[in-house]
Each structure stands twice: as C-alpha cells, then as structure tokens.
>>> print(open('entry-v3.txt').read())   # compact mmCIF, C-alpha atoms
# COMPACT_ATOMS: atom_id res chain seq x y z
CA MET A 164 25.29 46.60 -13.35
CA TRP A 165 25.41 45.53 -9.72
CA LEU A 166 22.23 43.51 -9.20
CA SER A 167 19.87 41.21 -11.16
CA ILE A 168 16.53 40.13 -9.68
CA ILE A 169 14.95 37.01 -11.19
CA ILE A 170 11.19 36.37 -10.95
CA PRO A 171 9.68 33.19 -12.45
CA ALA A 172 5.94 33.80 -12.84
CA TYR A 173 3.10 31.44 -13.67
CA ASN A 174 -0.54 32.54 -13.39
CA ALA A 175 0.48 35.19 -10.87
CA GLU A 176 -2.07 37.87 -11.81
CA ASN A 177 -3.29 38.21 -8.21
CA TYR A 178 0.07 39.17 -6.71
CA ILE A 179 2.73 39.91 -9.36
CA ALA A 180 1.99 43.65 -9.26
CA ARG A 181 2.60 43.70 -5.49
CA CYS A 182 5.91 41.96 -6.04
CA ILE A 183 7.06 44.31 -8.81
CA LYS A 184 6.05 47.41 -6.84
CA SER A 185 8.15 46.29 -3.88
CA ILE A 186 11.15 46.24 -6.22
CA LEU A 187 10.45 49.52 -8.00
CA LYS A 188 10.23 51.41 -4.71
CA GLN A 189 13.77 50.38 -3.66
CA THR A 190 16.12 53.22 -2.76
CA PHE A 191 19.00 51.37 -4.47
CA LYS A 192 18.60 51.79 -8.23
CA ASP A 193 21.48 49.92 -9.93
CA TYR A 194 19.57 46.78 -10.86
CA GLU A 195 17.73 44.94 -13.59
CA LEU A 196 14.52 43.02 -13.06
CA ILE A 197 14.13 39.88 -15.16
CA ILE A 198 10.63 38.38 -15.23
CA VAL A 199 10.17 35.00 -16.90
CA ASN A 200 6.49 34.48 -17.68
CA ASP A 201 6.30 30.70 -17.72
CA GLY A 202 3.38 30.20 -20.12
CA SER A 203 0.76 31.87 -17.92
CA THR A 204 -2.85 31.58 -19.06
CA ASP A 205 -4.14 34.51 -17.00
CA ARG A 206 -3.25 38.25 -17.07
CA THR A 207 0.32 37.81 -15.80
CA GLU A 208 1.89 38.75 -19.15
CA GLU A 209 -0.34 41.80 -19.51
CA ILE A 210 0.51 43.06 -16.02
CA CYS A 211 4.24 42.48 -16.41
CA ASP A 212 4.26 44.09 -19.84
CA PHE A 213 2.62 47.20 -18.38
CA TYR A 214 5.43 47.65 -15.87
CA ALA A 215 8.11 46.79 -18.44
CA THR A 216 6.92 49.64 -20.67
CA GLN A 217 7.18 52.03 -17.72
CA ASP A 218 10.73 51.12 -16.63
CA SER A 219 13.59 50.11 -18.92
CA ARG A 220 15.24 48.09 -16.13
CA ILE A 221 12.46 45.50 -16.40
CA LYS A 222 13.01 42.74 -18.96
CA LEU A 223 10.08 40.43 -19.66
CA TYR A 224 10.60 37.03 -21.28
CA ASN A 225 7.54 35.02 -22.32
CA THR A 226 8.22 31.29 -22.60
CA ASP A 227 6.25 28.09 -22.94
CA ASN A 228 5.31 26.47 -19.65
CA HIS A 229 8.26 24.35 -18.47
CA GLY A 230 7.99 24.86 -14.72
CA CYS A 231 9.57 27.11 -12.12
CA LEU A 232 13.01 25.47 -12.24
CA ALA A 233 13.38 25.99 -15.99
CA ALA A 234 12.07 29.56 -15.75
CA ARG A 235 14.46 30.43 -12.92
CA VAL A 236 17.48 28.92 -14.65
CA PHE A 237 16.60 30.72 -17.89
CA GLY A 238 16.28 34.01 -16.01
CA ILE A 239 19.66 33.57 -14.34
CA SER A 240 21.24 32.78 -17.73
CA GLN A 241 19.94 36.10 -19.09
CA SER A 242 21.19 38.17 -16.15
CA ASN A 243 24.06 40.65 -16.18
CA GLY A 244 24.41 41.72 -12.56
CA LYS A 245 27.44 41.22 -10.38
CA TYR A 246 25.05 39.77 -7.82
CA ILE A 247 21.78 37.88 -8.23
CA LEU A 248 18.57 37.75 -6.20
CA ASN A 249 15.72 35.31 -6.74
CA CYS A 250 12.23 36.48 -5.88
CA ASP A 251 9.02 34.43 -6.00
CA ALA A 252 6.15 36.09 -7.86
CA ASP A 253 3.81 35.84 -4.86
CA ASP A 254 6.31 37.38 -2.42
CA ARG A 255 7.62 40.89 -1.91
CA TYR A 256 10.50 42.81 -0.37
CA PHE A 257 9.57 43.90 3.11
CA SER A 258 11.81 46.96 3.20
CA LYS A 259 12.35 49.66 0.57
CA LYS A 260 16.01 49.63 1.65
CA ALA A 261 16.41 45.90 1.03
CA PHE A 262 18.83 46.27 -1.90
CA GLU A 263 20.71 49.09 -0.20
CA THR A 264 21.18 46.92 2.88
CA LEU A 265 22.54 44.04 0.80
CA TYR A 266 24.83 46.38 -1.13
CA GLN A 267 26.39 47.61 2.10
CA TYR A 268 27.10 44.04 3.19
CA ALA A 269 28.40 42.89 -0.20
CA LYS A 270 30.42 45.87 -1.43
CA SER A 271 33.59 44.61 0.24
CA ASP A 272 33.49 41.55 -2.06
CA LYS A 273 34.35 39.27 0.88
CA TYR A 274 31.37 36.94 0.49
CA GLN A 275 30.04 34.81 -2.34
CA LEU A 276 26.71 34.26 -0.61
CA ILE A 277 24.72 36.47 1.74
CA GLN A 278 21.61 35.05 3.41
CA PHE A 279 19.16 37.50 4.97
CA GLY A 280 16.17 37.31 7.28
CA HIS A 281 12.53 37.11 6.26
CA TYR A 282 8.97 36.85 7.48
CA ASN A 283 6.95 33.74 6.68
CA LYS A 284 3.37 34.91 6.19
CA TYR A 285 0.66 32.31 6.84
CA HIS A 286 -2.64 33.97 6.02
CA HIS A 287 -2.82 36.69 8.70
CA LEU A 288 0.10 35.37 10.80
CA GLY A 289 3.72 36.38 10.32
CA VAL A 290 6.64 34.32 11.66
CA ARG A 291 10.07 35.91 11.94
CA ARG A 292 12.97 33.89 10.49
CA SER A 293 16.36 35.38 11.21
CA VAL A 294 19.63 34.91 13.06
CA LYS A 295 20.23 37.08 16.12
CA SER A 296 23.61 38.34 14.97
CA PRO A 297 25.77 38.04 11.82
CA ILE A 298 27.43 34.69 11.14
CA CYS A 299 30.43 34.20 8.87
CA ILE A 300 31.09 30.73 7.46
CA GLN A 301 34.22 29.99 5.44
CA ASN A 302 34.87 27.21 2.94
CA GLU A 303 35.96 24.27 5.10
CA GLU A 304 33.25 24.84 7.70
CA PHE A 305 30.66 25.30 4.96
CA MET A 306 31.59 22.07 3.20
CA ASP A 307 31.82 20.07 6.42
CA LYS A 308 28.65 21.34 8.14
CA GLU A 309 26.30 23.28 5.88
CA TYR A 310 26.55 21.85 2.36
CA PRO A 311 25.85 18.26 3.59
CA ARG A 312 22.56 19.56 4.95
CA LEU A 313 21.55 20.62 1.44
CA LEU A 314 22.30 17.06 0.35
CA GLY A 315 19.72 15.86 2.86
CA SER A 316 17.12 18.65 2.70
CA TYR A 317 17.68 19.60 6.32
CA GLU A 318 15.18 22.43 6.84
CA ARG A 319 16.63 23.68 10.12
CA ALA A 320 20.12 24.25 8.77
CA ILE A 321 21.54 27.73 9.19
CA ILE A 322 21.70 27.92 5.41
CA ASN A 323 18.32 26.66 4.28
CA ASN A 324 17.10 25.36 0.93
CA SER A 325 15.34 28.53 -0.21
CA VAL A 326 16.76 30.69 -3.01
CA TRP A 327 14.63 33.79 -2.32
CA ASN A 328 16.48 34.73 0.89
CA LYS A 329 19.96 34.73 -0.62
CA LEU A 330 22.20 37.11 -2.56
CA TYR A 331 24.46 35.14 -4.91
CA SER A 332 27.74 36.39 -6.35
CA ARG A 333 28.12 35.84 -10.07
CA GLU A 334 31.24 33.85 -9.18
CA LEU A 335 28.87 31.04 -8.15
CA ILE A 336 27.06 30.99 -11.50
CA THR A 337 29.58 28.67 -13.11
CA ALA A 338 27.18 25.78 -13.63
CA LEU A 339 23.42 25.70 -13.84
CA PRO A 340 21.25 22.58 -13.98
CA ASN A 341 20.28 21.30 -17.40
CA THR A 342 16.56 21.35 -16.80
CA SER A 343 15.81 18.92 -19.62
CA ASP A 344 18.00 16.36 -17.82
CA VAL A 345 16.73 17.14 -14.33
CA GLY A 346 13.07 16.93 -15.22
CA ARG A 347 10.07 19.04 -14.31
CA THR A 348 9.29 19.59 -10.63
CA PHE A 349 6.58 21.48 -8.79
CA TRP A 350 8.59 21.60 -5.55
CA GLY A 351 12.22 21.01 -4.63
CA ASP A 352 13.58 23.29 -7.35
CA ASP A 353 15.14 25.66 -4.79
CA ASN A 354 17.12 22.79 -3.32
CA ILE A 355 18.30 21.70 -6.78
CA VAL A 356 19.44 25.24 -7.71
CA ASN A 357 21.38 25.54 -4.45
CA LEU A 358 23.10 22.19 -4.98
CA TYR A 359 24.58 23.62 -8.17
CA LEU A 360 25.27 27.20 -7.10
CA LEU A 361 26.80 26.37 -3.72
CA SER A 362 28.88 23.32 -4.61
CA ASP A 363 32.05 25.48 -4.75
CA CYS A 364 31.07 28.24 -2.34
CA ASN A 365 33.98 29.65 -0.34
CA SER A 366 32.42 32.27 1.90
CA VAL A 367 28.98 32.86 3.41
CA TYR A 368 27.66 35.74 5.49
CA ILE A 369 24.32 35.37 7.27
CA VAL A 370 22.79 38.64 8.38
CA PRO A 371 19.89 39.32 10.78
CA ASP A 372 18.20 42.00 8.67
CA ILE A 373 14.62 41.05 7.74
CA ILE A 374 13.98 42.40 4.26
CA TYR A 375 11.72 39.84 2.57
CA MET A 376 8.13 38.65 3.01
CA HIS A 377 7.46 35.05 1.97
CA TYR A 378 3.79 34.11 1.57
CA SER A 379 3.13 30.45 2.31
CA ASN A 380 -0.56 30.30 1.42
CA THR A 381 -0.65 31.48 -2.20
CA GLY A 382 0.95 28.62 -4.12
CA GLY A 383 -0.13 25.05 -4.74
CA THR A 384 2.79 23.18 -3.18
CA ASN A 385 0.80 22.32 -0.04
CA GLN A 386 -1.97 20.68 -2.03
CA TYR A 387 -2.17 16.96 -2.70
CA ARG A 388 -0.72 15.81 -6.02
CA ASP A 389 -0.58 12.30 -7.48
CA ASP A 390 2.96 12.93 -8.72
CA ALA A 391 4.39 14.20 -5.41
CA MET A 392 6.70 11.19 -5.04
CA GLN A 393 7.93 11.56 -8.63
CA ASN A 394 9.02 15.06 -7.66
CA LEU A 395 10.71 13.76 -4.52
CA ASN A 396 12.52 11.20 -6.68
CA ILE A 397 13.84 13.96 -8.99
CA LYS A 398 15.19 15.91 -6.02
CA LYS A 399 16.75 12.82 -4.46
CA LEU A 400 18.46 11.85 -7.72
CA GLN A 401 20.11 15.27 -7.77
CA GLN A 402 21.12 15.04 -4.12
CA LEU A 403 22.63 11.59 -4.64
CA ASP A 404 24.56 12.81 -7.69
CA PHE A 405 26.08 15.63 -5.67
CA LEU A 406 26.72 13.30 -2.74
CA GLU A 407 28.91 11.18 -5.02
CA GLN A 408 30.95 14.29 -5.86
CA TYR A 409 31.12 15.53 -2.26
CA THR A 410 34.70 15.89 -1.00
CA GLY A 411 34.09 17.34 2.47
CA ASN A 412 34.86 15.59 5.74
CA LYS A 413 31.31 14.63 6.70
CA ASP A 414 30.59 10.90 6.66
CA LYS A 415 28.76 10.12 3.42
CA GLN A 416 27.03 7.11 4.98
CA CYS A 417 25.35 9.35 7.55
CA ILE A 418 24.07 11.63 4.80
CA LEU A 419 22.93 8.63 2.76
CA SER A 420 21.07 7.15 5.71
CA ASP A 421 19.17 10.38 6.29
CA THR A 422 18.41 10.78 2.59
CA TYR A 423 16.79 7.35 2.44
CA THR A 424 15.03 7.84 5.78
CA GLU A 425 13.43 10.95 4.34
CA ILE A 426 12.12 8.92 1.40
CA ALA A 427 10.59 6.34 3.76
CA GLY A 428 9.00 9.04 5.90
CA TRP A 429 7.53 11.06 3.06
CA LEU A 430 6.17 7.97 1.29
CA TYR A 431 4.43 6.88 4.48
CA HIS A 432 2.76 10.27 4.84
CA PHE A 433 1.90 10.39 1.12
CA ALA A 434 0.40 6.89 1.22
CA LYS A 435 -1.71 7.76 4.27
CA GLU A 436 -3.03 10.85 2.51
CA THR A 437 -3.61 9.02 -0.78
CA PHE A 438 -5.66 6.24 0.81
CA SER A 439 -7.74 8.83 2.65
CA ILE A 440 -8.83 10.72 -0.49
CA LYS A 441 -8.61 8.22 -3.37
CA PRO A 442 -10.57 5.05 -4.15
CA LYS A 443 -8.65 2.00 -2.95
CA GLU A 444 -7.65 0.60 -6.35
CA GLU A 445 -6.53 3.97 -7.68
CA ALA A 446 -4.54 4.63 -4.50
CA LEU A 447 -2.83 1.24 -4.74
CA ILE A 448 -1.64 2.03 -8.27
CA ILE A 449 -0.29 5.44 -7.22
CA ILE A 450 1.63 4.02 -4.25
CA GLN A 451 2.96 1.05 -6.22
CA ASP A 452 4.22 3.40 -8.93
CA ALA A 453 6.03 5.39 -6.25
CA LEU A 454 7.63 2.25 -4.85
CA GLU A 455 9.14 1.52 -8.27
CA LEU A 456 10.88 4.91 -8.59
CA PRO A 457 14.71 4.65 -8.80
CA THR A 458 15.61 6.32 -5.50
CA PHE A 459 12.82 4.47 -3.69
CA ILE A 460 14.29 1.17 -4.92
CA MET A 461 17.73 2.33 -3.73
CA ALA A 462 16.27 3.18 -0.32
CA ARG A 463 14.57 -0.22 -0.14
CA GLU A 464 17.83 -2.00 -0.93
CA TYR A 465 19.64 0.10 1.65
CA PHE A 466 17.20 -0.69 4.46
CA ASN A 467 16.97 -4.37 3.51
CA ASN A 468 20.60 -4.56 4.59
CA SER A 469 20.02 -2.79 7.88
CA THR A 470 18.38 -3.64 11.21
CA ASP A 471 16.10 -0.60 11.13
CA ASN A 472 12.72 -1.51 12.60
CA TRP A 473 10.84 1.76 12.02
CA ILE A 474 7.40 1.03 10.53
CA GLN A 475 8.00 3.54 7.73
CA THR A 476 11.13 1.73 6.59
CA ARG A 477 9.55 -1.72 7.04
CA LEU A 478 6.66 -0.73 4.77
CA LEU A 479 9.08 0.68 2.20
CA CYS A 480 11.10 -2.54 2.27
CA SER A 481 7.98 -4.55 1.53
CA GLY A 482 7.78 -2.96 -1.90
CA ASP A 483 4.04 -3.63 -1.82
CA ALA A 484 1.33 -0.95 -1.80
CA HIS A 485 -1.09 -3.46 -0.25
CA LYS A 486 1.11 -3.58 2.86
CA TYR A 487 0.54 0.14 3.36
CA TYR A 488 -3.20 -0.26 2.91
CA ASN A 489 -3.39 -3.18 5.31
CA TYR A 490 -1.32 -1.38 7.92
CA PHE A 491 -3.55 1.71 7.84
CA CYS A 492 -6.67 -0.45 8.06
CA GLU A 493 -5.32 -2.40 11.00
CA ASN A 494 -4.13 0.73 12.79
CA SER A 495 -7.11 3.01 12.46
CA ASN A 496 -5.60 5.53 14.87
CA TYR A 497 -3.38 6.70 12.00
CA GLU A 498 -6.34 8.73 10.75
CA ARG A 499 -6.21 10.85 13.89
CA ARG A 500 -2.55 11.68 13.48
CA SER A 501 -1.85 15.02 11.87
CA THR A 502 0.59 15.72 9.06
CA LYS A 503 2.64 17.70 11.58
CA SER A 504 2.89 14.65 13.86
CA ASP A 505 4.08 12.46 10.99
CA ILE A 506 6.74 14.96 9.97
CA ILE A 507 7.95 15.54 13.54
CA GLU A 508 8.33 11.79 13.99
CA MET A 509 10.32 11.57 10.77
CA LEU A 510 12.55 14.51 11.69
CA LYS A 511 13.43 12.87 15.01
CA ARG A 512 15.04 10.07 13.02
CA LEU A 513 16.70 12.29 10.47
CA TYR A 514 19.99 14.11 10.36
CA LYS A 515 21.85 12.25 13.09
CA PHE A 516 25.06 13.82 11.80
CA ILE A 517 23.87 17.36 12.61
>>> encode(input="entry-v3.txt", output="structure tokens")
Amino acid sequence: MWLSIIIPAYNAENYIARCIKSILKQTFKDYELIIVNDGSTDRTEEICDFYATQDSRIKLYNTDNHGCLAARVFGISQSNGKYILNCDADDRYFSKKAFETLYQYAKSDKYQLIQFGHYNKYHHLGVRRSVKSPICIQNEEFMDKEYPRLLGSYERAIINNSVWNKLYSRELITALPNTSDVGRTFWGDDNIVNLYLLSDCNSVYIVPDIIYMHYSNTGGTNQYRDDAMQNLNIKKLQQLDFLEQYTGNKDKQCILSDTYTEIAGWLYHFAKETFSIKPKEEALIIIQDALELPTFIMAREYFNNSTDNWIQTRLLCSGDAHKYYNYFCENSNYERRSTKSDIIEMLKRLYKFI
C-alpha cells in the first residue's frame, strides 16, 4: 500500500462527511483511510461507520477521549502505507487529484518529506499559502536553518508546524511521542509530532501545488481556555528536550532566547485576556499558577540573568500575578490594543537567528 491518511476526529459530526468525501473522490486509489474517533459524544462514530461499511479502505477505530495528539499517534501506529498524510476532521482536500499529484512528486523516492500548498479558510475568506516554485532542502541545510525553527515555533518558516500539509515517508516514523509522558494538549500537538518525525529528516521538497483546504473557524483553539499556559508549557518542555539533543550548527543560545521570549509574550497576552473576562481573584490564581509552571520558571531564571528591559519579560521576572494586574490597571490603554498588535510586537523580538 502506498498511502495512509490519518484523521483524528472528536465531535466532528458537522464536517467529517465533507472531509471523507474529499478523500473518496480522489483519482489515486492506492490508499487506506484511518479514522480515530476520539471518544466523540455526537454522531461522529455513526457517520464514520456508515462510510467504513461502504469502502473497505476505511478503517475506523473508536477510542476513549485522550486528545488529538494521542489519536493522531495511535492512527499513525496502525498505518501500513509507504507514505503518510495527516488530515484534520474539519478540513478537506481541495483537489480530487491531490494524492495523484503527491504520488508523482514522491515516486522517485528522493524525498522523506513533501510539503504542499493550501488555502486557509476564514469564514468566507480564503488565503493562499504556497511557495512560488519548488524548493529542495537537504539534510545539513534543514538541520541548520529549518529544524531550529520548529524548536522555537517560528510560524513563518518555510517548513511550518502543521502536519496536515505534509507527506511523510515511513522512513521518518522511527519514533513517535509517548503521549502518556507528553501530556494532553488542545493545541501545539502538530509541533510536537513534527519534532519527533523530522528530527532525522534528510531531504525535503516543498511544492507550490495547492491541494488542501484548512478551515480556521471550526475548532476551539482560538477560544479562551484557563489551561492555555499549561498547554504552552507542555509544548515548550518538548522543544527544550529536543534542543538539548540538537546537533546542528545553529547557536542554541539564540534558539533558547527566542523560546523563552515566546513564553513571556504569550503569558502577557494571556494575562491581559484573563483579567478582562475573569473576576480579579480568580484571574490572579490562574496567572499565578501559570507563573509556577516549569518552563515559565526556567524563562524567569533566564531573563533574571539578562539585561532585557521588555515589559513582558519584566513582568515574567516578577513572578507575581499582582504585578500583571497592577500594570494593566495603570496602563489602561492596553485594553485598546488588539491581540494582533500584541503578537506582532512579540514576533518583532523573536527569532533573531532567522
């Protein structure tokens, strides 16, 4: 079998059929579709089971709810294809020749990873994400330039954090994260999977073909969550573990600086949002809990030994949720700043090694 497609699905009754149909209409037929129903409480299992009874290439696994990372890793472990695609349950393949296109690129067996173009769909707006012409990246260049960006979550890297826009050779599936050790996340799982799968990648081919539609308004990752910083901590622990093992030529201190700067920036934004929607005492507890997370303590210790004077890092170094509250009260104009403005300001300070 040439191709395995993995779909983790949780309460996806409103869009899973659209996703499956986009796969069944493919002109390339040598594939298996593995759907991992991650403890859905809606009609997801019923819908998937209907399609599985119609096509023997569809394999449905019903599991307890352990999160997208665990479901994806389980699906990969059950796969048999020479190559692997990951598809989100709320997305779809834009072209019926998507698999055929990838087969033509991959049949020479020159590349362990092929990244393809996609549309980001925001409600009624579609944004094209693609390179203008093919790009080939070999091992040394990948390890020196691209893999370090995964260690720091750099979103504008040529090879981004997403798993749904990549074709992986089975050669890369030598180690998968132990999800019971990693912990449960509601975002950041793509980055964690790529840290494992691409740690020994020797050849990458990035193609301009747009074959995938990613919907950005169907999931819950853009909604406020009390445990958002716990999830960031899980991702950062994984990045720091892989940074220790990194043997490329990029300066580890530069990567470390950007990793900790990202923590300071995201905590600032999270604290601002938390104080705007939660009662003061509840918000103080949430922020203080975040400040005591392992990677946040590491970041605080790192910046305590630096001359960085950015307000986000100064607040982190205080280790005190009250300092955040007092700052926002004293600087009321923070309420007029958008999330986009906060993130742009953070990104200006990040990734100085790029």
>>> residues_around(input="entry-v3.txt", residues="Leu313 of chain A", least_positions_apart="3", cutoff="8 Å", atoms="all atoms listed in the file", output="MDAnalysis selection string")
chainID A and resid 309:310 316:317 323:324 354 357:358 402
>>> atom_distance(input="entry-v3.txt", atom1="atom CA of Asp253 of chain A", atom2="atom CA of Val294 of chain A")
23.9 Å
>>> residues_around(input="entry-v3.txt", residues="Lys486 of chain A", least_positions_apart="3", cutoff="12 Å", atoms="all atoms listed in the file", output="list in words")
Tyr431, Ala434, Lys435, Leu447, Ile450, Gln451, Leu454, Ile474, Gln475, Thr476, Arg477, Leu478, Leu479, Cys480, Ser481, Gly482, Asp483, Asn489, Tyr490, Phe491, Cys492 and Glu493 of chain A
>>> residues_around(input="entry-v3.txt", residues="Asn302 of chain A", least_positions_apart="4", cutoff="9 Å", atoms="only C-alpha atoms", output="VMD selection string")
chain A and resid 306 to 307 363 to 367
>>> atom_distance(input="entry-v3.txt", atom1="atom CA of Ala338 of chain A", atom2="atom CA of Phe405 of chain A")
12.9 Å
>>> axis_aligned_box(input="entry-v3.txt", around="segment 395-411 of chain A", padding_each_side="4 Å", output="AutoDock Vina command-line options")
--center_x 22.7 --center_y 14.3 --center_z -3.3 --size_x 32.0 --size_y 14.2 --size_z 19.5
>>> residues_around(input="entry-v3.txt", residues="Tyr282 of chain A", least_positions_apart="5", cutoff="7 Å", atoms="only C-alpha atoms", output="PyMOL selection string")
chain A and resi 289-292+375-377
>>> residues_around(input="entry-v3.txt", residues="segment 257-272 of chain A", least_positions_apart="3", cutoff="8 Å", atoms="all atoms listed in the file", output="list in words")
Ser185, Ile186, Lys188, Gln189, Thr190, Phe191, Gln275, Ile277, Leu330, Ile373, Ile374, Tyr375 and Met376 of chain A
>>> closest_residue(input="entry-v3.txt", among="A:His485, A:Asn243, A:Ile426, A:Ile440", to="Arg463 of chain A", atoms="only C-alpha atoms")
A:Ile426
